[in-house]
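One structure is given here, and the rest of the page talks about it.
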Amino acid sequence: MTTTSTPTTRVIADDSVTDDSVADDTAFRNEGSDAHKLASDPSPAPASDGDERRLTHLDALEAEAILVIREMAGELERPALLFSGGKDSVVMLHLATKAFWPAPIPFPVLHVDTGHNFPEVLAYRDETVERLGLRLVVASVQDYIDDGRLRERADGTRNPLQTMPLLDAINEHRFDGVFGGGRRDEEKARAKERIVSLRDEFGQWDPKNQRPELWNLFNPRHRPGEHVRVFPISNWTEVDIWRYIDREDIPLAPLYYAHEREVFQRDGMWLAVGPVSRPRDDEAVETRLVRYRTVGDMSCTGAVESPARTNAEIVVEVAASTLTERGATRADDRISEAAMEDRKKEGYF
């Protein structure tokens, strides 16, 4: 049985900070190298000239996320971080880089590759892994289909097929904790999950077996064979993500920004024309100016019509939206009213 202590942690303003120390720290940060491009400023900027110790909303979210990452990395024996190249996992990687800078990230990144991913996202994933010198573990859904452990679904989407490769990768590499970029505003099943969420020996989630998390106390204790999922950005919203990307100047895959693409409409969504998403006879192909709010399989992720080409423009656009990115653009979440919760109970993220 893994035994760990439960630390008491809180953010404390340091009254000893002086103008000279702030200036020295700023000068030091300006000497950042290319290897640290993903996290160039390890300390939050002051909220105002009047009170340099007051955290802005983004600073507070960042501090909480870094706290969770550091605490869980210290408590767990073999953690890993899910990294698909999507915006939430990119922010997670950025926060992990900040959490351990100037040391490298002390755990591998894990990607469950469905074989239906957007090529731009895979290229971004590989470039980022190489640039930061990360160890990438890939669990391939295609391998499971080829050897008969999984079967293609009738609707063609592979997102629901990720559970078995994910759980097998966790068991094979003996990961006792996996960091993920799930947020509570995305979907109602994720809204009721804790920041540190226990999975049983079968990798399954029991929504009735939730531990209290009071005063920033996180409990990753688990029995042999069990593991925990850790969601440091649970309290962030989609607007927070984009404001943070804008503030930190974090590079993303280009499909998050407005571009012209051949698409066809199905079930109220614009799906991209590609080798795994082909229009039916009654579905007309059009070239439209679109971007993606979330990135999953090409076969189940819809684009949105948008002229937003910069982070600032996307912040304004998302702030005015009345639908979450998953509700607006993910066909796999429309399988049933409880599609996400059902998958999470089986072991999905």
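Residues are named by chain letter and number: chains run A, B, ... in the order of the structure tokens, numbers start at 1 in each chain, and ligands are numbered from 1 in the order shown.
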Residue neighbourhood Ser299 (chain A), 7 Å, only C-alpha atoms, exclusion window fewer than 6 positions, as a list in words | His116, Gly156, Thr157, Val276 and Ser277 of chain A
Which neighbours of Leu167 (chain A) fall inside 10 Å, counting only C-alpha atoms, when residues of the same chain fewer than 2 positions from it are skipped, and could you give them as number ranges by chain?
-> A: 139, 162-165, 169-172, 175, 202-204, 346-348
Restricting it to C-alpha atoms, dump the selection as a short mmCIF file (atom, residue, chain, number, x, y, z; two decimals), in the first residue's frame.
```
data_model
loop_
_atom_site.label_atom_id
_atom_site.label_comp_id
_atom_site.auth_asym_id
_atom_site.auth_seq_id
_atom_site.Cartn_x
_atom_site.Cartn_y
_atom_site.Cartn_z
CA ALA A 139 -0.44 4.01 -26.75
CA GLN A 162 -9.03 5.01 -26.07
CA THR A 163 -9.86 3.48 -22.67
CA MET A 164 -8.20 0.07 -23.08
CA PRO A 165 -4.91 1.37 -24.53
CA ALA A 169 -0.19 1.83 -20.78
CA ILE A 170 -0.75 2.83 -17.15
CA ASN A 171 -0.33 -0.79 -16.03
CA GLU A 172 2.63 -1.51 -18.29
CA PHE A 175 2.11 4.87 -13.50
CA PHE A 202 -9.72 -1.74 -12.98
CA GLY A 203 -9.03 1.93 -13.74
CA GLN A 204 -12.67 2.81 -13.17
CA GLU A 346 -14.93 2.62 -17.64
CA GLY A 347 -11.57 4.32 -17.18
CA TYR A 348 -11.58 7.10 -19.78
#
```
Go through region 81-186 of chain A and collect every residue that DSSP, computed from the backbone, puts in strand (DSSP E); the answer should be as a PDB file with C-alpha atoms, in the first residue's frame.
```pdb
ATOM      1  CA  LEU A  81       1.283  13.705 -17.965  1.00  0.00           C
ATOM      2  CA  LEU A  82      -1.251  13.197 -20.734  1.00  0.00           C
ATOM      3  CA  VAL A 109       4.280  12.452 -21.266  1.00  0.00           C
ATOM      4  CA  LEU A 110       1.672   9.965 -22.470  1.00  0.00           C
ATOM      5  CA  HIS A 111      -0.458  10.162 -25.612  1.00  0.00           C
ATOM      6  CA  VAL A 112      -3.247   7.767 -26.590  1.00  0.00           C
ATOM      7  CA  ASP A 113      -3.085   7.970 -30.392  1.00  0.00           C
ATOM      8  CA  LEU A 136       6.991  10.375 -24.982  1.00  0.00           C
ATOM      9  CA  VAL A 137       4.987   7.195 -24.391  1.00  0.00           C
ATOM     10  CA  VAL A 138       2.437   6.474 -27.139  1.00  0.00           C
ATOM     11  CA  ALA A 139      -0.440   4.010 -26.751  1.00  0.00           C
ATOM     12  CA  SER A 140      -1.854   3.240 -30.208  1.00  0.00           C
ATOM     13  CA  GLY A 177      -0.738   8.987 -11.093  1.00  0.00           C
ATOM     14  CA  VAL A 178      -1.617  10.610 -14.408  1.00  0.00           C
ATOM     15  CA  PHE A 179      -1.965  14.368 -14.878  1.00  0.00           C
TER      16      PHE A 179
END
```
Please report, as CSV, each residue of region 235-283 of chain A lying at most 12 Å from region 93-103 of chain A, together with the nearest pair of atoms and the separation in Å rounded to one decimal; use only C-alpha atoms, and order rows by chain and ascending residue number.
```
residue,atom,partner,partner_atom,distance
A:Ile241,CA,A:His94,CA,11.6
A:Tyr244,CA,A:His94,CA,10.4
A:Ile245,CA,A:His94,CA,9.6
A:Glu248,CA,A:His94,CA,9.1
A:Asp249,CA,A:His94,CA,10.6
A:Ile250,CA,A:His94,CA,7.9
A:Pro251,CA,A:His94,CA,10.2
A:Leu252,CA,A:His94,CA,11.4
```
As a ChimeraX atom specification, please: all residues of region 79-288 of chain A that backbone DSSP puts in helix (DSSP H, G or I).
-> /A:87-100,119-132,141-146,159-172,188-191,238-248,254-256
Using CA of Gly302 (chain A) and CA of Asp146 (chain A) as the two end points, give the distance in Å to one decimal.
->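 Spanning CA of Gly302 (chain A) to CA of Asp146 (chain A) is a straight-line distance of 27.0 Å.
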Extract, using only C-alpha atoms, all DNA, RNA and protein residues at most 9 Å from Leu161 (chain A), discarding same-chain residues fewer than 4 positions from it, and format them as a PyMOL selection string.
-> chain A and resi 114+141+150-153+157+165
Within 7 Å of region 258-273 of chain A, counting only C-alpha atoms, which residues show up once you throw out same-chain ones fewer than 4 positions away? Write them as a list in words, please.
->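 Counting only C-alpha atoms, the residues come to Ser277, Arg278, Pro279, Glu283, Ala284, Val285, Glu286, Thr287, Arg288, Leu289, Val290, Arg291, Met298, Thr301, Gly302, Ala303, Val304, Ser306, Pro307, Ala308, Arg309 and Thr329 of chain A.
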Could you name the residues that touch region 117-129 of chain A at 9 Å or less, counting only C-alpha atoms, but leaving out those on the same chain fewer than 2 positions away, as a list in words?
-> Leu38, Phe83, Ser84, Gly85, Gly86, Val109, Asp113, Thr114, Gly115, Arg131, Leu132, Gly133, Leu134, Arg135, Leu136, Leu252, Ala253, Pro254, Leu255, Val295, Gly296, Asp297, Met298 and Ser299 of chain A
